[in-house]
2 protein chains.
Amino acid sequence: MSEIAGTPRDRRRRETTAEILEAAWRLSRRDGLGSVSLRDLGREVGLRASSLYAYFDSKAALYDAMFRQGQEQLAALAAEWPRSLADVDDPRRTAKELAARFVAFCTEDPTRYQLLFQRVIPGWEPSPESYALAVARVDELRVTLASVGIEGDEAVDLWTALLTGITDQQISNDPGGDRWSRLVPWAVDLFFDQLRSEP
Amino acid sequence: MSEIAGTPRDRRRRETTAEILEAAWRLSRRDGLGSVSLRDLGREVGLRASSLYAYFDSKAALYDAMFRQGQEQLAALAAEWPRSLADVDDPRRTAKELAARFVAFCTEDPTRYQLLFQRVIPGWEPSPESYALAVARVDELRVTLASVGIEGDEAVDLWTALLTGITDQQISNDPGGDRWSRLVPWAVDLFFDQLRSEP
DNA sequence: GTCTATATCCAGATAGAC
DNA sequence: GTCTATCTGGATATAGAC
């Protein structure tokens with residue numbers, strides 16, 4: 001729990017674990033999530049594949065740690081946002097910013113997006129504890145949308161569908177571009193005009 | 001080109017090819033697209049893996065044939081639809097039906113959806129000729145939307161994002177259910193109300 | 001904790017006999 | 001067209017020495 005504590009040995013261990021995770025992300029971005037081998041991963045950090053088992057029980061455990069890390073990055077981003085839009089100057093404008101940042105978070109690292117939001121690794125899915133982090137994000141979103149009068153599970157679901165749909169198209173059909181991501185403000189307008197009565 | 005022509009030998013060859021493709025779909029649905037091995041695939045049709053090379057040049061060619069088949073299935077579905085909504089009784093209602101059928105097409109076979117609309121197989125993408133089939137679908141959609149006054153590439157892009165987003169959430173977070181797919185009529189309303197001036 | 005060595009199993013692809 | 005045999009290379013994981 002404490003982030004600075006521990007013996008020097010603990011410290012070293014955490015450092016190596018972090019290095020392995022970084023390398024795993026690097027290789028995943030280069031070759032695809034499913035194509036990372038423990039041999040390559042070991043080589044990347046100066047270890048033999050078998051030595052990685054001192055840090056992760058299995059490859060599935062490695063994926064789970066990556067998933068958790070990605071969720072924590074999203075949580076860190078979300079922590080910077082206002083939870084309620086009721087008391088901001090321009091709720092609609094702020095909503096557009098939040099939406100744009102979420103889509104940017106997803107498209108700036110398609111590999112991370114795939115791990116967090118799609119099931120592309122055969123036979124793997126996040127552990128219940130890790131998946132709970134994702135559920136917490138949706139709960140936050142519900143509160144935020146409700147603060148501007150957009151209520152109900154269905155509205156939340158449509159919102160997520162809209163943003164992940166834009167992300168998905170962007171990644172699959174115009175990687176690196178903005179053909180879909182630039183539609184975000186428009187999509188938010190559409191959503192607000194329809195679901196909210198405002199001045 | 002001719003579908004019935006050919007010597008008996010040709011006929012047999014086409015039959016076997018079709019059997020292999022069927023088996024490939026079956027195994028993909030069972031184990032995931034990326035997990036199909038030529039060994040298993042051969043066993044499924046009573047052949048050795050090496051014999052499959054008499055029908056497909058490589059595994060990538062097999063994926064390409066599957067992709068083409070999926071696109072043709074979608075094209076066959078689209079061929080039943082009215083190209084223009086200008087002269088149907090209730091354009092909005094018809095649009096809802098088309099959208100619902102598209103989402104149903106995608107969710108009823110998530111594996112096919114992944115192959116057609118996502119890039120989940122490391123190192124593989126459809127050949128240009130096969131991808132052209134997908135582009136043709138979008139062109140059709142452009143015409144259809146234009147027929148009800150919804151014009152512009154951006155509207156087409158947002159439409160596809162909306163429907164694939166709904167599909168994606170449905171597949172990833174509520175497989176077999178309808179938590180997202182039931183939102184289709186609502187999404188179409190949202191779209192029409194905003195982008196179209198109608199009586 | 002890291003190594004070597006190994007177990008076990010799998011992949012895609014090709015050569016050449018029949 | 002199909003087979004056997006094989007190539008070449010890969011995977012995850014474990015045992016046991018140091």
# chains A, B, ... in the order shown; residues from 1 in each chain; ligands from 1
>>> interface_residues(of="chain B", to="chain A", cutoff="10 Å", atoms="only C-alpha atoms", output="PyMOL selection string")
chain B and resi 31-35+114+117-123+153-155+157-173+179-184+186-187+189-191+193-195
>>> select_by_dssp(residues="stretch 83-156 of chain A", states="alpha helix (DSSP H)", output="MDAnalysis selection string")
chainID A and resid 91:107 110:117 128:146 153:156
>>> closest_atom_pairs(of="chain B", to="chain C", cutoff="9 Å", atoms="only C-alpha atoms (C1' of nucleotides)", output="Markdown table")
| residue | atom | partner | partner_atom | distance |
| --- | --- | --- | --- | --- |
| B:Ser37 | CA | C:DA11 | C1' | 7.4 |
| B:Leu38 | CA | C:DG12 | C1' | 8.0 |
| B:Ser50 | CA | C:DA13 | C1' | 8.0 |
| B:Tyr53 | CA | C:DA13 | C1' | 9.0 |
| B:Ser58 | CA | C:DG12 | C1' | 8.3 |
| B:Lys59 | CA | C:DG12 | C1' | 7.9 |
>>> interface_residues(of="chain B", to="chain D", cutoff="8 Å", atoms="only C-alpha atoms (C1' of nucleotides)", output="number ranges by chain")
B: 47-48, 51, 54
>>> atom_distance(atom1="atom CA of A:Phe56", atom2="atom CA of A:Trp25")
15.1 Å
>>> atom_distance(atom1="atom CA of A:Phe192", atom2="atom CA of B:Ala99")
22.0 Å
>>> decode(residues="stretch 6-18 of chain D", atoms="N, CA, C and O atoms (P, O5', C5', C4', C3', O3' and C1' of nucleotides)", output="PDB file, in the first residue's frame")
ATOM      1  P    DT D   6      11.503 -38.002 -41.039  1.00  0.00           P
ATOM      2  O5'  DT D   6      11.723 -36.448 -41.249  1.00  0.00           O
ATOM      3  C5'  DT D   6      11.928 -35.959 -42.576  1.00  0.00           C
ATOM      4  C4'  DT D   6      11.841 -34.449 -42.577  1.00  0.00           C
ATOM      5  C3'  DT D   6      12.523 -33.812 -41.369  1.00  0.00           C
ATOM      6  O3'  DT D   6      13.663 -33.110 -41.818  1.00  0.00           O
ATOM      7  C1'  DT D   6      10.453 -32.747 -41.913  1.00  0.00           C
ATOM      8  P    DC D   7      14.671 -32.454 -40.772  1.00  0.00           P
ATOM      9  O5'  DC D   7      14.475 -30.917 -41.130  1.00  0.00           O
ATOM     10  C5'  DC D   7      14.194 -30.563 -42.480  1.00  0.00           C
ATOM     11  C4'  DC D   7      13.815 -29.089 -42.532  1.00  0.00           C
ATOM     12  C3'  DC D   7      14.506 -28.269 -41.446  1.00  0.00           C
ATOM     13  O3'  DC D   7      15.141 -27.146 -42.029  1.00  0.00           O
ATOM     14  C1'  DC D   7      12.135 -27.937 -41.388  1.00  0.00           C
ATOM     15  P    DT D   8      16.251 -26.427 -41.113  1.00  0.00           P
ATOM     16  O5'  DT D   8      15.341 -25.301 -40.491  1.00  0.00           O
ATOM     17  C5'  DT D   8      14.468 -24.551 -41.322  1.00  0.00           C
ATOM     18  C4'  DT D   8      13.674 -23.633 -40.431  1.00  0.00           C
ATOM     19  C3'  DT D   8      14.467 -23.205 -39.189  1.00  0.00           C
ATOM     20  O3'  DT D   8      14.409 -21.810 -39.060  1.00  0.00           O
ATOM     21  C1'  DT D   8      12.355 -24.079 -38.563  1.00  0.00           C
ATOM     22  P    DG D   9      15.356 -21.128 -37.963  1.00  0.00           P
ATOM     23  O5'  DG D   9      14.227 -20.599 -36.990  1.00  0.00           O
ATOM     24  C5'  DG D   9      13.032 -20.059 -37.525  1.00  0.00           C
ATOM     25  C4'  DG D   9      11.928 -20.237 -36.538  1.00  0.00           C
ATOM     26  C3'  DG D   9      12.299 -19.850 -35.105  1.00  0.00           C
ATOM     27  O3'  DG D   9      11.800 -18.541 -34.860  1.00  0.00           O
ATOM     28  C1'  DG D   9      10.857 -21.744 -35.220  1.00  0.00           C
ATOM     29  P    DG D  10      12.081 -17.914 -33.399  1.00  0.00           P
ATOM     30  O5'  DG D  10      10.775 -18.273 -32.563  1.00  0.00           O
ATOM     31  C5'  DG D  10       9.520 -17.783 -33.000  1.00  0.00           C
ATOM     32  C4'  DG D  10       8.421 -18.546 -32.312  1.00  0.00           C
ATOM     33  C3'  DG D  10       8.476 -18.478 -30.798  1.00  0.00           C
ATOM     34  O3'  DG D  10       7.900 -17.258 -30.355  1.00  0.00           O
ATOM     35  C1'  DG D  10       7.833 -20.641 -31.584  1.00  0.00           C
ATOM     36  P    DA D  11       8.147 -16.866 -28.906  1.00  0.00           P
ATOM     37  O5'  DA D  11       7.032 -17.679 -28.106  1.00  0.00           O
ATOM     38  C5'  DA D  11       5.692 -17.643 -28.540  1.00  0.00           C
ATOM     39  C4'  DA D  11       4.895 -18.712 -27.812  1.00  0.00           C
ATOM     40  C3'  DA D  11       5.102 -18.708 -26.309  1.00  0.00           C
ATOM     41  O3'  DA D  11       4.194 -17.782 -25.735  1.00  0.00           O
ATOM     42  C1'  DA D  11       5.189 -20.946 -27.187  1.00  0.00           C
ATOM     43  P    DT D  12       4.536 -17.122 -24.377  1.00  0.00           P
ATOM     44  O5'  DT D  12       4.132 -18.244 -23.332  1.00  0.00           O
ATOM     45  C5'  DT D  12       2.815 -18.788 -23.395  1.00  0.00           C
ATOM     46  C4'  DT D  12       2.719 -19.941 -22.423  1.00  0.00           C
ATOM     47  C3'  DT D  12       3.047 -19.573 -20.974  1.00  0.00           C
ATOM     48  O3'  DT D  12       2.050 -20.152 -20.140  1.00  0.00           O
ATOM     49  C1'  DT D  12       4.415 -21.384 -21.677  1.00  0.00           C
ATOM     50  P    DA D  13       2.066 -19.785 -18.584  1.00  0.00           P
ATOM     51  O5'  DA D  13       2.996 -20.916 -17.967  1.00  0.00           O
ATOM     52  C5'  DA D  13       2.646 -22.275 -18.190  1.00  0.00           C
ATOM     53  C4'  DA D  13       3.773 -23.177 -17.740  1.00  0.00           C
ATOM     54  C3'  DA D  13       4.331 -22.875 -16.340  1.00  0.00           C
ATOM     55  O3'  DA D  13       3.886 -23.905 -15.466  1.00  0.00           O
ATOM     56  C1'  DA D  13       6.048 -23.425 -17.918  1.00  0.00           C
ATOM     57  P    DT D  14       4.295 -23.830 -13.910  1.00  0.00           P
ATOM     58  O5'  DT D  14       5.552 -24.800 -13.842  1.00  0.00           O
ATOM     59  C5'  DT D  14       5.432 -26.108 -14.404  1.00  0.00           C
ATOM     60  C4'  DT D  14       6.742 -26.839 -14.245  1.00  0.00           C
ATOM     61  C3'  DT D  14       7.369 -26.779 -12.845  1.00  0.00           C
ATOM     62  O3'  DT D  14       7.755 -28.095 -12.490  1.00  0.00           O
ATOM     63  C1'  DT D  14       8.948 -26.138 -14.459  1.00  0.00           C
ATOM     64  P    DA D  15       8.238 -28.384 -10.987  1.00  0.00           P
ATOM     65  O5'  DA D  15       9.746 -28.847 -11.200  1.00  0.00           O
ATOM     66  C5'  DA D  15      10.133 -29.502 -12.413  1.00  0.00           C
ATOM     67  C4'  DA D  15      11.585 -29.940 -12.289  1.00  0.00           C
ATOM     68  C3'  DA D  15      12.126 -29.965 -10.864  1.00  0.00           C
ATOM     69  O3'  DA D  15      13.104 -31.002 -10.762  1.00  0.00           O
ATOM     70  C1'  DA D  15      13.254 -28.294 -12.108  1.00  0.00           C
ATOM     71  P    DG D  16      13.736 -31.341  -9.339  1.00  0.00           P
ATOM     72  O5'  DG D  16      15.160 -30.635  -9.411  1.00  0.00           O
ATOM     73  C5'  DG D  16      15.975 -30.838 -10.565  1.00  0.00           C
ATOM     74  C4'  DG D  16      17.153 -29.894 -10.501  1.00  0.00           C
ATOM     75  C3'  DG D  16      17.737 -29.697  -9.089  1.00  0.00           C
ATOM     76  O3'  DG D  16      19.137 -29.574  -9.221  1.00  0.00           O
ATOM     77  C1'  DG D  16      17.169 -27.639  -9.960  1.00  0.00           C
ATOM     78  P    DA D  17      20.067 -29.672  -7.911  1.00  0.00           P
ATOM     79  O5'  DA D  17      21.407 -28.939  -8.409  1.00  0.00           O
ATOM     80  C5'  DA D  17      21.824 -29.090  -9.772  1.00  0.00           C
ATOM     81  C4'  DA D  17      22.600 -27.844 -10.194  1.00  0.00           C
ATOM     82  C3'  DA D  17      23.566 -27.324  -9.144  1.00  0.00           C
ATOM     83  O3'  DA D  17      24.774 -26.928  -9.787  1.00  0.00           O
ATOM     84  C1'  DA D  17      22.005 -25.620  -9.676  1.00  0.00           C
ATOM     85  P    DC D  18      26.022 -26.477  -8.905  1.00  0.00           P
ATOM     86  O5'  DC D  18      25.824 -24.930  -8.704  1.00  0.00           O
ATOM     87  C5'  DC D  18      26.093 -24.030  -9.788  1.00  0.00           C
ATOM     88  C4'  DC D  18      25.754 -22.622  -9.334  1.00  0.00           C
ATOM     89  C3'  DC D  18      26.487 -22.176  -8.065  1.00  0.00           C
ATOM     90  O3'  DC D  18      27.501 -21.237  -8.424  1.00  0.00           O
ATOM     91  C1'  DC D  18      24.198 -21.486  -8.112  1.00  0.00           C
TER      92       DC D  18
END
